[in-house]
>>> print(open('run-v9.cif').read())   # mmCIF, C-alpha atoms
data_coords
loop_
_atom_site.group_PDB
_atom_site.id
_atom_site.type_symbol
_atom_site.label_atom_id
_atom_site.label_comp_id
_atom_site.auth_asym_id
_atom_site.auth_seq_id
_atom_site.Cartn_x
_atom_site.Cartn_y
_atom_site.Cartn_z
ATOM 1 C CA MET A 1 -14.041 -23.312 -34.317
ATOM 2 C CA THR A 2 -11.702 -21.731 -31.762
ATOM 3 C CA THR A 3 -13.190 -20.045 -28.684
ATOM 4 C CA ARG A 4 -11.233 -16.820 -28.165
ATOM 5 C CA ILE A 5 -10.808 -15.141 -24.758
ATOM 6 C CA GLY A 6 -9.359 -11.651 -24.352
ATOM 7 C CA THR A 7 -7.310 -11.180 -21.173
ATOM 8 C CA SER A 8 -4.491 -8.757 -20.273
ATOM 9 C CA GLU A 9 -0.723 -8.417 -20.610
ATOM 10 C CA ARG A 10 1.180 -11.654 -20.025
ATOM 11 C CA ASP A 11 2.023 -10.820 -16.409
ATOM 12 C CA GLY A 12 -1.471 -9.544 -15.632
ATOM 13 C CA THR A 13 -4.020 -11.316 -13.465
ATOM 14 C CA PHE A 14 -6.601 -11.586 -16.264
ATOM 15 C CA HIS A 15 -4.064 -13.511 -18.338
ATOM 16 C CA SER A 16 -3.328 -15.959 -15.525
ATOM 17 C CA GLN A 17 -7.065 -16.455 -14.978
ATOM 18 C CA GLY A 18 -7.587 -16.968 -18.697
ATOM 19 C CA LEU A 19 -5.037 -19.778 -18.765
ATOM 20 C CA ALA A 20 -6.853 -21.579 -15.933
ATOM 21 C CA LEU A 21 -10.230 -21.006 -17.584
ATOM 22 C CA LYS A 22 -8.898 -22.436 -20.829
ATOM 23 C CA MET A 23 -8.172 -25.766 -19.108
ATOM 24 C CA ILE A 24 -11.760 -25.993 -17.862
ATOM 25 C CA LEU A 25 -13.504 -24.859 -21.035
ATOM 26 C CA GLU A 26 -11.547 -27.143 -23.343
ATOM 27 C CA ARG A 27 -13.141 -30.170 -21.688
ATOM 28 C CA CYS A 28 -16.365 -29.213 -23.472
ATOM 29 C CA PRO A 29 -16.101 -30.372 -27.107
ATOM 30 C CA THR A 30 -18.182 -27.445 -28.376
ATOM 31 C CA LEU A 31 -15.749 -24.939 -26.866
ATOM 32 C CA ALA A 32 -12.385 -26.509 -27.736
ATOM 33 C CA PRO A 33 -9.875 -25.346 -28.722
ATOM 34 C CA VAL A 34 -9.626 -22.214 -26.584
ATOM 35 C CA ALA A 35 -7.204 -19.396 -27.424
ATOM 36 C CA VAL A 36 -6.113 -17.049 -24.625
ATOM 37 C CA LEU A 37 -5.249 -13.692 -26.181
ATOM 38 C CA GLU A 38 -3.122 -11.032 -24.541
ATOM 39 C CA SER A 39 -4.138 -7.375 -24.369
ATOM 40 C CA THR A 40 -2.148 -4.240 -23.604
ATOM 41 C CA SER A 41 -5.123 -2.364 -22.120
ATOM 42 C CA ALA A 42 -7.213 -5.237 -20.734
ATOM 43 C CA SER A 43 -10.810 -4.110 -20.164
ATOM 44 C CA ILE A 44 -10.877 -1.341 -22.764
ATOM 45 C CA GLU A 45 -9.234 -3.371 -25.499
ATOM 46 C CA ASN A 46 -11.342 -6.425 -24.746
ATOM 47 C CA ALA A 47 -14.551 -4.401 -25.164
ATOM 48 C CA GLY A 48 -13.339 -3.173 -28.532
ATOM 49 C CA ARG A 49 -12.385 -6.668 -29.626
ATOM 50 C CA LEU A 50 -15.802 -7.987 -28.674
ATOM 51 C CA ASP A 51 -17.415 -5.193 -30.686
ATOM 52 C CA ALA A 52 -15.238 -6.046 -33.684
ATOM 53 C CA GLY A 53 -15.961 -9.780 -33.407
ATOM 54 C CA GLU A 54 -12.301 -10.590 -32.758
ATOM 55 C CA ILE A 55 -12.958 -12.473 -29.514
ATOM 56 C CA ASP A 56 -15.899 -14.403 -28.069
ATOM 57 C CA PHE A 57 -15.350 -13.621 -24.380
ATOM 58 C CA GLY A 58 -13.367 -10.959 -22.571
ATOM 59 C CA PHE A 59 -12.217 -10.254 -19.052
ATOM 60 C CA MET A 60 -13.221 -6.789 -17.823
ATOM 61 C CA ALA A 61 -13.404 -4.888 -14.562
ATOM 62 C CA SER A 62 -17.023 -4.204 -13.683
ATOM 63 C CA ASN A 63 -16.474 -0.439 -13.565
ATOM 64 C CA TRP A 64 -15.888 -0.411 -17.347
ATOM 65 C CA ILE A 65 -18.747 -2.486 -18.686
ATOM 66 C CA GLY A 66 -21.526 0.048 -18.100
ATOM 67 C CA ARG A 67 -19.451 2.745 -19.769
ATOM 68 C CA ALA A 68 -18.807 0.535 -22.754
ATOM 69 C CA ARG A 69 -22.484 -0.288 -23.144
ATOM 70 C CA SER A 70 -23.486 3.395 -23.016
ATOM 71 C CA GLY A 71 -20.580 4.614 -25.169
ATOM 72 C CA GLU A 72 -19.040 6.859 -22.501
ATOM 73 C CA PRO A 73 -15.340 7.831 -22.888
ATOM 74 C CA PRO A 74 -12.980 6.227 -23.654
ATOM 75 C CA PHE A 75 -15.461 4.244 -25.766
ATOM 76 C CA GLY A 76 -16.393 6.039 -28.961
ATOM 77 C CA ARG A 77 -19.824 4.470 -29.293
ATOM 78 C CA PRO A 78 -22.096 2.054 -27.416
ATOM 79 C CA ILE A 79 -20.994 -1.586 -27.352
ATOM 80 C CA GLU A 80 -23.679 -4.202 -26.801
ATOM 81 C CA LEU A 81 -21.933 -6.126 -24.056
ATOM 82 C CA ARG A 82 -23.645 -8.903 -22.123
ATOM 83 C CA MET A 83 -22.648 -10.377 -18.781
ATOM 84 C CA VAL A 84 -21.436 -13.963 -18.648
ATOM 85 C CA ALA A 85 -20.088 -14.499 -15.117
ATOM 86 C CA PRO A 86 -18.276 -12.817 -12.222
ATOM 87 C CA MET A 87 -14.661 -13.975 -12.061
ATOM 88 C CA ASN A 88 -13.357 -12.648 -8.751
ATOM 89 C CA ALA A 89 -13.468 -9.707 -6.352
ATOM 90 C CA GLY A 90 -9.957 -8.649 -5.501
ATOM 91 C CA PRO A 91 -8.355 -5.770 -3.611
ATOM 92 C CA LEU A 92 -6.966 -2.659 -5.288
ATOM 93 C CA PHE A 93 -4.041 -1.449 -3.199
ATOM 94 C CA PHE A 94 -0.949 0.734 -3.147
ATOM 95 C CA VAL A 95 2.346 -0.787 -2.099
ATOM 96 C CA THR A 96 5.613 0.910 -1.203
ATOM 97 C CA ARG A 97 9.020 -0.148 0.049
ATOM 98 C CA ALA A 98 9.103 -0.774 3.786
ATOM 99 C CA ASP A 99 11.958 1.723 4.232
ATOM 100 C CA THR A 100 9.867 4.733 3.094
ATOM 101 C CA GLN A 101 7.858 7.086 5.302
ATOM 102 C CA LEU A 102 4.645 6.385 3.383
ATOM 103 C CA ARG A 103 1.892 4.919 5.546
ATOM 104 C CA SER A 104 -1.457 5.832 3.974
ATOM 105 C CA VAL A 105 -2.901 6.559 0.542
ATOM 106 C CA ALA A 106 -3.050 10.254 1.466
ATOM 107 C CA ASP A 107 0.764 10.222 1.745
ATOM 108 C CA LEU A 108 1.037 9.680 -2.011
ATOM 109 C CA ARG A 109 0.800 13.417 -2.682
ATOM 110 C CA GLY A 110 4.073 14.537 -4.210
ATOM 111 C CA GLN A 111 5.252 10.962 -4.842
ATOM 112 C CA ARG A 112 6.137 9.001 -7.970
ATOM 113 C CA VAL A 113 3.446 6.365 -8.379
ATOM 114 C CA ALA A 114 3.375 3.526 -10.934
ATOM 115 C CA VAL A 115 -0.330 3.533 -11.800
ATOM 116 C CA GLY A 116 -0.453 1.016 -14.668
ATOM 117 C CA MET A 117 -0.485 1.334 -18.439
ATOM 118 C CA GLN A 118 -1.920 4.677 -19.574
ATOM 119 C CA THR A 119 -4.978 3.089 -21.212
ATOM 120 C CA SER A 120 -5.555 0.530 -18.456
ATOM 121 C CA GLY A 121 -8.382 0.174 -15.980
ATOM 122 C CA MET A 122 -5.875 0.640 -13.156
ATOM 123 C CA VAL A 123 -5.304 4.248 -14.198
ATOM 124 C CA GLN A 124 -9.057 4.842 -14.174
ATOM 125 C CA HIS A 125 -9.343 3.348 -10.691
ATOM 126 C CA ALA A 126 -6.536 5.594 -9.456
ATOM 127 C CA HIS A 127 -8.292 8.681 -10.859
ATOM 128 C CA VAL A 128 -11.537 7.671 -9.141
ATOM 129 C CA ILE A 129 -9.964 6.910 -5.753
ATOM 130 C CA PHE A 130 -7.818 10.044 -5.704
ATOM 131 C CA GLY A 131 -10.774 12.152 -6.805
ATOM 132 C CA VAL A 132 -12.892 11.039 -3.848
ATOM 133 C CA LEU A 133 -9.971 11.692 -1.503
ATOM 134 C CA GLY A 134 -9.561 15.240 -2.779
ATOM 135 C CA PHE A 135 -6.454 15.074 -4.950
ATOM 136 C CA GLY A 136 -5.524 13.978 -8.442
ATOM 137 C CA PHE A 137 -2.771 13.092 -10.870
ATOM 138 C CA ALA A 138 -1.597 16.717 -10.782
ATOM 139 C CA ASP A 139 -0.648 16.108 -7.138
ATOM 140 C CA ILE A 140 1.533 13.056 -7.871
ATOM 141 C CA THR A 141 3.987 12.058 -10.589
ATOM 142 C CA PRO A 142 2.122 9.280 -12.420
ATOM 143 C CA VAL A 143 4.370 6.676 -14.029
ATOM 144 C CA TYR A 144 2.672 4.552 -16.672
ATOM 145 C CA LEU A 145 4.057 1.017 -16.456
ATOM 146 C CA ASP A 146 2.534 -2.452 -16.564
ATOM 147 C CA PHE A 147 2.502 -4.588 -13.424
ATOM 148 C CA ALA A 148 5.885 -6.254 -13.964
ATOM 149 C CA ALA A 149 7.708 -3.092 -15.033
ATOM 150 C CA GLY A 150 6.100 -1.138 -12.186
ATOM 151 C CA ALA A 151 7.314 -3.690 -9.656
ATOM 152 C CA ASP A 152 10.821 -3.527 -11.103
ATOM 153 C CA ALA A 153 10.735 0.268 -10.860
ATOM 154 C CA LEU A 154 9.647 0.108 -7.210
ATOM 155 C CA ALA A 155 12.379 -2.386 -6.367
ATOM 156 C CA ALA A 156 14.960 -0.152 -8.078
ATOM 157 C CA GLY A 157 13.770 2.978 -6.289
ATOM 158 C CA GLU A 158 12.625 4.601 -9.532
ATOM 159 C CA VAL A 159 9.099 5.077 -8.164
ATOM 160 C CA ASP A 160 7.891 5.546 -4.592
ATOM 161 C CA ALA A 161 4.762 3.382 -4.780
ATOM 162 C CA GLN A 162 2.907 1.059 -7.116
ATOM 163 C CA PHE A 163 -0.823 0.509 -7.642
ATOM 164 C CA GLN A 164 -1.488 -3.238 -7.589
ATOM 165 C CA CYS A 165 -4.384 -5.690 -7.817
ATOM 166 C CA PRO A 166 -5.428 -8.245 -6.683
ATOM 167 C CA ILE A 167 -3.723 -10.855 -4.523
ATOM 168 C CA PRO A 168 -2.408 -13.372 -4.981
ATOM 169 C CA ASN A 169 -0.675 -12.366 -8.200
ATOM 170 C CA LYS A 170 2.699 -13.495 -9.460
ATOM 171 C CA VAL A 171 4.196 -10.032 -9.815
ATOM 172 C CA MET A 172 3.297 -8.989 -6.255
ATOM 173 C CA THR A 173 4.440 -12.297 -4.787
ATOM 174 C CA ASN A 174 7.805 -11.989 -6.551
ATOM 175 C CA LEU A 175 8.175 -8.336 -5.538
ATOM 176 C CA ALA A 176 7.531 -9.122 -1.862
ATOM 177 C CA ALA A 177 10.169 -11.863 -2.046
ATOM 178 C CA ARG A 178 12.730 -9.427 -3.517
ATOM 179 C CA ILE A 179 12.270 -6.430 -1.239
ATOM 180 C CA ALA A 180 10.535 -5.578 2.030
ATOM 181 C CA VAL A 181 7.199 -3.946 1.221
ATOM 182 C CA ARG A 182 4.378 -2.130 2.990
ATOM 183 C CA VAL A 183 0.737 -1.985 1.903
ATOM 184 C CA LEU A 184 -0.707 1.492 2.361
ATOM 185 C CA SER A 185 -3.842 1.855 4.468
ATOM 186 C CA TYR A 186 -6.586 4.507 4.356
ATOM 187 C CA ALA A 187 -6.923 7.343 6.842
ATOM 188 C CA PRO A 188 -9.976 7.125 9.154
ATOM 189 C CA GLY A 189 -13.134 7.735 7.152
ATOM 190 C CA ALA A 190 -11.377 7.736 3.766
ATOM 191 C CA LEU A 191 -12.232 4.155 2.832
ATOM 192 C CA ASP A 192 -15.900 4.666 3.742
ATOM 193 C CA ALA A 193 -15.954 7.825 1.623
ATOM 194 C CA VAL A 194 -14.738 5.938 -1.442
ATOM 195 C CA LEU A 195 -17.176 3.068 -0.905
ATOM 196 C CA GLN A 196 -20.111 5.451 -0.541
ATOM 197 C CA ALA A 197 -19.141 7.413 -3.648
ATOM 198 C CA VAL A 198 -18.452 4.521 -6.015
ATOM 199 C CA PRO A 199 -21.177 1.849 -6.457
ATOM 200 C CA TYR A 200 -18.977 -0.769 -8.144
ATOM 201 C CA TYR A 201 -16.536 -0.974 -5.219
ATOM 202 C CA ARG A 202 -16.945 -3.102 -2.146
ATOM 203 C CA GLN A 203 -14.871 -3.468 1.007
ATOM 204 C CA THR A 204 -12.446 -6.320 1.485
ATOM 205 C CA VAL A 205 -9.629 -7.136 3.882
ATOM 206 C CA MET A 206 -6.092 -8.093 2.934
ATOM 207 C CA ARG A 207 -5.336 -10.651 5.610
ATOM 208 C CA LYS A 208 -2.163 -10.745 7.653
ATOM 209 C CA GLY A 209 0.364 -13.050 6.000
ATOM 210 C CA ALA A 210 -1.346 -12.977 2.585
ATOM 211 C CA LEU A 211 1.971 -11.746 1.227
ATOM 212 C CA CYS A 212 5.419 -11.349 2.698
ATOM 213 C CA GLY A 213 5.549 -8.118 4.683
ATOM 214 C CA LEU A 214 1.805 -7.890 5.354
ATOM 215 C CA ASP A 215 1.971 -8.137 9.150
ATOM 216 C CA ALA A 216 -1.579 -6.988 9.967
ATOM 217 C CA ASP A 217 -5.037 -7.070 8.387
ATOM 218 C CA VAL A 218 -5.576 -4.056 6.112
ATOM 219 C CA ALA A 219 -9.014 -2.935 4.899
ATOM 220 C CA GLN A 220 -9.032 -2.144 1.195
ATOM 221 C CA ILE A 221 -11.265 -1.499 -1.796
ATOM 222 C CA ALA A 222 -12.245 -4.405 -4.044
ATOM 223 C CA VAL A 223 -13.622 -4.371 -7.566
ATOM 224 C CA VAL A 224 -15.519 -7.259 -9.149
ATOM 225 C CA ASN A 225 -13.902 -8.544 -12.313
ATOM 226 C CA VAL A 226 -16.178 -10.219 -14.829
ATOM 227 C CA LEU A 227 -16.312 -12.265 -18.018
ATOM 228 C CA VAL A 228 -18.397 -10.626 -20.732
ATOM 229 C CA THR A 229 -19.447 -11.320 -24.299
ATOM 230 C CA HIS A 230 -21.296 -9.507 -27.091
ATOM 231 C CA ALA A 231 -25.047 -9.626 -27.626
ATOM 232 C CA ARG A 232 -24.461 -11.308 -30.997
ATOM 233 C CA CYS A 233 -22.627 -14.265 -29.443
ATOM 234 C CA LEU A 234 -24.587 -17.457 -30.017
ATOM 235 C CA GLU A 235 -26.669 -18.636 -27.073
ATOM 236 C CA PRO A 236 -25.438 -22.281 -27.109
ATOM 237 C CA LEU A 237 -21.794 -21.158 -26.965
ATOM 238 C CA VAL A 238 -22.396 -18.927 -23.931
ATOM 239 C CA CYS A 239 -24.574 -21.549 -22.237
ATOM 240 C CA ASP A 240 -21.886 -24.216 -22.644
ATOM 241 C CA ALA A 241 -19.193 -21.863 -21.342
ATOM 242 C CA VAL A 242 -21.144 -21.001 -18.188
ATOM 243 C CA ALA A 243 -22.078 -24.646 -17.587
ATOM 244 C CA ALA A 244 -18.409 -25.642 -17.867
ATOM 245 C CA LEU A 245 -17.408 -22.800 -15.564
ATOM 246 C CA LEU A 246 -19.947 -23.816 -12.912
ATOM 247 C CA ASP A 247 -18.925 -27.463 -13.111
ATOM 248 C CA GLY A 248 -15.265 -26.541 -12.747
ATOM 249 C CA ALA A 249 -15.562 -23.763 -10.151
ATOM 250 C CA GLU A 250 -13.737 -25.632 -7.368
ATOM 251 C CA GLU A 251 -10.994 -26.817 -9.706
ATOM 252 C CA LEU A 252 -10.530 -23.273 -10.996
ATOM 253 C CA GLY A 253 -9.761 -22.265 -7.410
ATOM 254 C CA ARG A 254 -7.094 -24.955 -7.239
ATOM 255 C CA LEU A 255 -5.615 -23.967 -10.600
ATOM 256 C CA ASN A 256 -5.485 -20.270 -9.750
ATOM 257 C CA PRO A 257 -6.063 -18.851 -6.225
ATOM 258 C CA LEU A 258 -7.764 -15.804 -7.756
ATOM 259 C CA PHE A 259 -10.764 -18.061 -8.369
ATOM 260 C CA GLU A 260 -10.994 -19.243 -4.751
ATOM 261 C CA GLY A 261 -14.473 -18.731 -3.322
ATOM 262 C CA MET A 262 -15.893 -18.236 -6.789
ATOM 263 C CA ARG A 263 -19.202 -19.939 -6.012
ATOM 264 C CA GLU A 264 -19.984 -17.204 -3.469
ATOM 265 C CA LEU A 265 -20.147 -14.697 -6.322
ATOM 266 C CA PHE A 266 -23.081 -16.608 -7.857
ATOM 267 C CA GLU A 267 -25.150 -16.806 -4.660
ATOM 268 C CA PRO A 268 -26.929 -13.435 -5.134
ATOM 269 C CA LEU A 269 -28.687 -15.047 -8.113
ATOM 270 C CA ARG A 270 -30.729 -17.160 -5.683
ATOM 271 C CA SER A 271 -32.094 -14.271 -3.642
ATOM 272 C CA GLN A 272 -31.912 -11.291 -5.995
ATOM 273 C CA GLY A 273 -32.304 -12.868 -9.408
ATOM 274 C CA PRO A 274 -30.533 -12.063 -12.708
ATOM 275 C CA GLN A 275 -30.268 -8.351 -11.860
ATOM 276 C CA SER A 276 -27.727 -9.211 -9.160
ATOM 277 C CA LEU A 277 -25.143 -9.875 -11.874
ATOM 278 C CA ALA A 278 -26.138 -6.955 -14.111
ATOM 279 C CA PHE A 279 -23.094 -4.844 -13.220
ATOM 280 C CA GLY A 280 -23.240 -1.376 -14.732
ATOM 281 C CA GLY A 281 -26.686 -2.135 -16.099
ATOM 282 C CA VAL A 282 -25.285 -4.776 -18.474
ATOM 283 C CA PRO A 283 -27.764 -7.700 -18.514
ATOM 284 C CA LEU A 284 -26.928 -11.374 -18.555
ATOM 285 C CA HIS A 285 -26.586 -12.970 -21.964
ATOM 286 C CA PRO A 286 -29.582 -15.294 -22.574
ATOM 287 C CA GLY A 287 -27.200 -18.232 -22.843
ATOM 288 C CA ALA A 288 -25.710 -17.440 -19.445
ATOM 289 C CA LEU A 289 -29.147 -17.097 -17.868
ATOM 290 C CA ALA A 290 -30.170 -20.451 -19.318
ATOM 291 C CA ALA A 291 -27.123 -22.106 -17.778
ATOM 292 C CA TYR A 292 -27.770 -20.545 -14.377
ATOM 293 C CA ARG A 293 -31.385 -21.710 -14.474
ATOM 294 C CA THR A 294 -30.340 -25.240 -15.398
ATOM 295 C CA ALA A 295 -27.937 -25.211 -12.447
ATOM 296 C CA GLY A 296 -30.732 -24.090 -10.120
ATOM 297 C CA LEU A 297 -29.125 -20.725 -9.369
ATOM 298 C CA ALA A 298 -31.758 -18.530 -11.003
ATOM 299 C CA MET A 299 -35.481 -18.711 -11.630
#
>>> encode(input="run-v9.cif", output="structure tokens")
Amino acid sequence: MTTRIGTSERDGTFHSQGLALKMILERCPTLAPVAVLESTSASIENAGRLDAGEIDFGFMASNWIGRARSGEPPFGRPIELRMVAPMNAGPLFFVTRADTQLRSVADLRGQRVAVGMQTSGMVQHAHVIFGVLGFGFADITPVYLDFAAGADALAAGEVDAQFQCPIPNKVMTNLAARIAVRVLSYAPGALDAVLQAVPYYRQTVMRKGALCGLDADVAQIAVVNVLVTHARCLEPLVCDAVAALLDGAEELGRLNPLFEGMRELFEPLRSQGPQSLAFGGVPLHPGALAAYRTAGLAM
């Protein structure tokens, strides 16, 4: 039987991670073959597909999973999601052309901003960040484009900024090679305000040289992206998937830089227990917990 993984649009980071994960999971006979399925709205669509039994695992941003489980909008009813594993914690950032006058996120007022597909998690993140900073979509001109189309629009001067995540990603790397770019920073106190207001964000630093045009360290917001399943998913399947993921963690980092440092995301299990991975109140699937216990990561 095919193991099905819901990801994102073809140029999205979830899709690139899914392709790397496929290579690791297919080494386990009980998981092969693995199908990596595209999605136009990533987290939201993947939750719906899990509910409908159309996929076995799905990539989601951690800010969505609690909402899906409780049935908050845009989810029409509760979805019994279960955590499988954290995938990465990457920066959410706004990028502009280096020849503009934009310097900080606050400068986006009155600008044309490519914020992602209208039903995507990126749009939700933008609403949340702007809301904490005291403005909203009424104060910008939101342009709803996927990552690749948004980058093309920025390069062509059709938008003034683009909302991106995380790095490295192919679209951002290609954009920075095509045009000179600038990553927008936060005004003093603004980043702390967002971090204090939103529990599923954490602080990260985009390091100098991480992409062409990034000539200084820039503090940014990061969101943890996760792999989830449905409560009905069979325990042996989830256990085998997590075991394969743990065994292949270092190789995943070599296959896709988004997975670099992945083992650090599991360390809270040792000191804080299973609740440390219960993002949004979504508990670990019993199969995942069994695999973590076998690996000595959880009691």
>>> residues_near_point(input="run-v9.cif", point="(2.1, -15.2, -8.4)", cutoff="12 Å", atoms="all atoms listed in the file", output="JSON, numbers by chain")
{"A": [11, 12, 13, 15, 16, 17, 147, 148, 165, 166, 167, 168, 169, 170, 171, 172, 173, 174, 175, 176, 177, 210, 211, 255, 256, 257, 258]}
>>> residues_around(input="run-v9.cif", residues="range 132-134 of chain A", least_positions_apart="4", cutoff="8 Å", atoms="all atoms listed in the file", output="ChimeraX atom specification")
/A:106,128,190,193-194,197
>>> closest_residue(input="run-v9.cif", among="A:Gly253, A:Gly48, A:Pro86, A:Gly287", to="Asp240 in chain A", atoms="all atoms listed in the file")
A:Gly287
>>> resolve_selection(input="run-v9.cif", expression="the PyMOL selection byres ((chain A and resi 80) around 7)", output="number ranges by chain")
A: 69, 78-79, 81-82, 230-231
>>> closest_residue(input="run-v9.cif", among="A:Ala89, A:Asp139, A:Val34, A:Ala288", to="Val242 in chain A", atoms="all atoms listed in the file")
A:Ala288
>>> resolve_selection(input="run-v9.cif", expression="the PyMOL selection byres ((chain A and resi 57-62) around 6)", output="list in words")
Ile5, Gly6, Thr7, Ser43, Asn46, Ile55, Asp56, Asn63, Trp64, Ile65, Val224, Asn225, Val226, Leu227, Val228 and Thr229 of chain A
>>> atom_distance(input="run-v9.cif", atom1="CA of Glu250 in chain A", atom2="CA of Ile24 in chain A")
10.7 Å
>>> closest_residue(input="run-v9.cif", among="A:Leu108, A:Leu237, A:Ile179, A:Ala298", to="Leu269 in chain A", atoms="all atoms listed in the file")
A:Ala298
>>> residues_around(input="run-v9.cif", residues="range 92-95 of chain A", least_positions_apart="5", cutoff="8 Å", atoms="only C-alpha atoms", output="MDAnalysis selection string")
chainID A and resid 105 161:166 181:184 220:223
>>> closest_residue(input="run-v9.cif", among="A:Leu21, A:Val143, A:Ser8, A:Arg49", to="Arg254 in chain A", atoms="all atoms listed in the file")
A:Leu21
>>> build_atoms(input="run-v9.cif", residues="range 204-221 of chain A", atoms="N, CA and C atoms", output="PDB file, in the frame of the given file")
ATOM      1  N   THR A 204     -13.061  -5.022   1.245  1.00  0.00           N
ATOM      2  CA  THR A 204     -12.446  -6.320   1.485  1.00  0.00           C
ATOM      3  C   THR A 204     -11.323  -6.124   2.495  1.00  0.00           C
ATOM      4  N   VAL A 205     -10.739  -7.203   2.936  1.00  0.00           N
ATOM      5  CA  VAL A 205      -9.629  -7.136   3.882  1.00  0.00           C
ATOM      6  C   VAL A 205      -8.472  -7.971   3.345  1.00  0.00           C
ATOM      7  N   MET A 206      -7.311  -7.351   3.239  1.00  0.00           N
ATOM      8  CA  MET A 206      -6.092  -8.093   2.934  1.00  0.00           C
ATOM      9  C   MET A 206      -5.597  -8.674   4.250  1.00  0.00           C
ATOM     10  N   ARG A 207      -5.616  -9.980   4.347  1.00  0.00           N
ATOM     11  CA  ARG A 207      -5.336 -10.651   5.610  1.00  0.00           C
ATOM     12  C   ARG A 207      -3.842 -10.713   5.909  1.00  0.00           C
ATOM     13  N   LYS A 208      -3.533 -10.604   7.179  1.00  0.00           N
ATOM     14  CA  LYS A 208      -2.163 -10.745   7.653  1.00  0.00           C
ATOM     15  C   LYS A 208      -1.546 -12.019   7.098  1.00  0.00           C
ATOM     16  N   GLY A 209      -0.341 -11.897   6.534  1.00  0.00           N
ATOM     17  CA  GLY A 209       0.364 -13.050   6.000  1.00  0.00           C
ATOM     18  C   GLY A 209      -0.013 -13.401   4.575  1.00  0.00           C
ATOM     19  N   ALA A 210      -0.947 -12.662   3.964  1.00  0.00           N
ATOM     20  CA  ALA A 210      -1.346 -12.977   2.585  1.00  0.00           C
ATOM     21  C   ALA A 210      -0.201 -12.763   1.619  1.00  0.00           C
ATOM     22  N   LEU A 211       0.724 -11.895   1.978  1.00  0.00           N
ATOM     23  CA  LEU A 211       1.971 -11.746   1.227  1.00  0.00           C
ATOM     24  C   LEU A 211       3.067 -11.367   2.206  1.00  0.00           C
ATOM     25  N   CYS A 212       4.280 -11.631   1.833  1.00  0.00           N
ATOM     26  CA  CYS A 212       5.419 -11.349   2.698  1.00  0.00           C
ATOM     27  C   CYS A 212       5.471  -9.855   3.008  1.00  0.00           C
ATOM     28  N   GLY A 213       5.510  -9.515   4.292  1.00  0.00           N
ATOM     29  CA  GLY A 213       5.549  -8.118   4.683  1.00  0.00           C
ATOM     30  C   GLY A 213       4.212  -7.577   5.131  1.00  0.00           C
ATOM     31  N   LEU A 214       3.127  -8.317   4.895  1.00  0.00           N
ATOM     32  CA  LEU A 214       1.805  -7.890   5.354  1.00  0.00           C
ATOM     33  C   LEU A 214       1.622  -8.455   6.758  1.00  0.00           C
ATOM     34  N   ASP A 215       1.938  -7.633   7.773  1.00  0.00           N
ATOM     35  CA  ASP A 215       1.971  -8.137   9.150  1.00  0.00           C
ATOM     36  C   ASP A 215       0.734  -7.797   9.959  1.00  0.00           C
ATOM     37  N   ALA A 216      -0.305  -7.270   9.298  1.00  0.00           N
ATOM     38  CA  ALA A 216      -1.579  -6.988   9.967  1.00  0.00           C
ATOM     39  C   ALA A 216      -2.675  -6.942   8.912  1.00  0.00           C
ATOM     40  N   ASP A 217      -3.916  -7.204   9.315  1.00  0.00           N
ATOM     41  CA  ASP A 217      -5.037  -7.070   8.387  1.00  0.00           C
ATOM     42  C   ASP A 217      -5.158  -5.613   7.939  1.00  0.00           C
ATOM     43  N   VAL A 218      -5.436  -5.414   6.651  1.00  0.00           N
ATOM     44  CA  VAL A 218      -5.576  -4.056   6.112  1.00  0.00           C
ATOM     45  C   VAL A 218      -6.852  -3.991   5.286  1.00  0.00           C
ATOM     46  N   ALA A 219      -7.782  -3.116   5.668  1.00  0.00           N
ATOM     47  CA  ALA A 219      -9.014  -2.935   4.899  1.00  0.00           C
ATOM     48  C   ALA A 219      -8.710  -2.204   3.597  1.00  0.00           C
ATOM     49  N   GLN A 220      -9.293  -2.710   2.510  1.00  0.00           N
ATOM     50  CA  GLN A 220      -9.032  -2.144   1.195  1.00  0.00           C
ATOM     51  C   GLN A 220     -10.309  -2.124   0.365  1.00  0.00           C
ATOM     52  N   ILE A 221     -10.190  -1.521  -0.811  1.00  0.00           N
ATOM     53  CA  ILE A 221     -11.265  -1.499  -1.796  1.00  0.00           C
ATOM     54  C   ILE A 221     -11.126  -2.724  -2.689  1.00  0.00           C
TER      55      ILE A 221
END
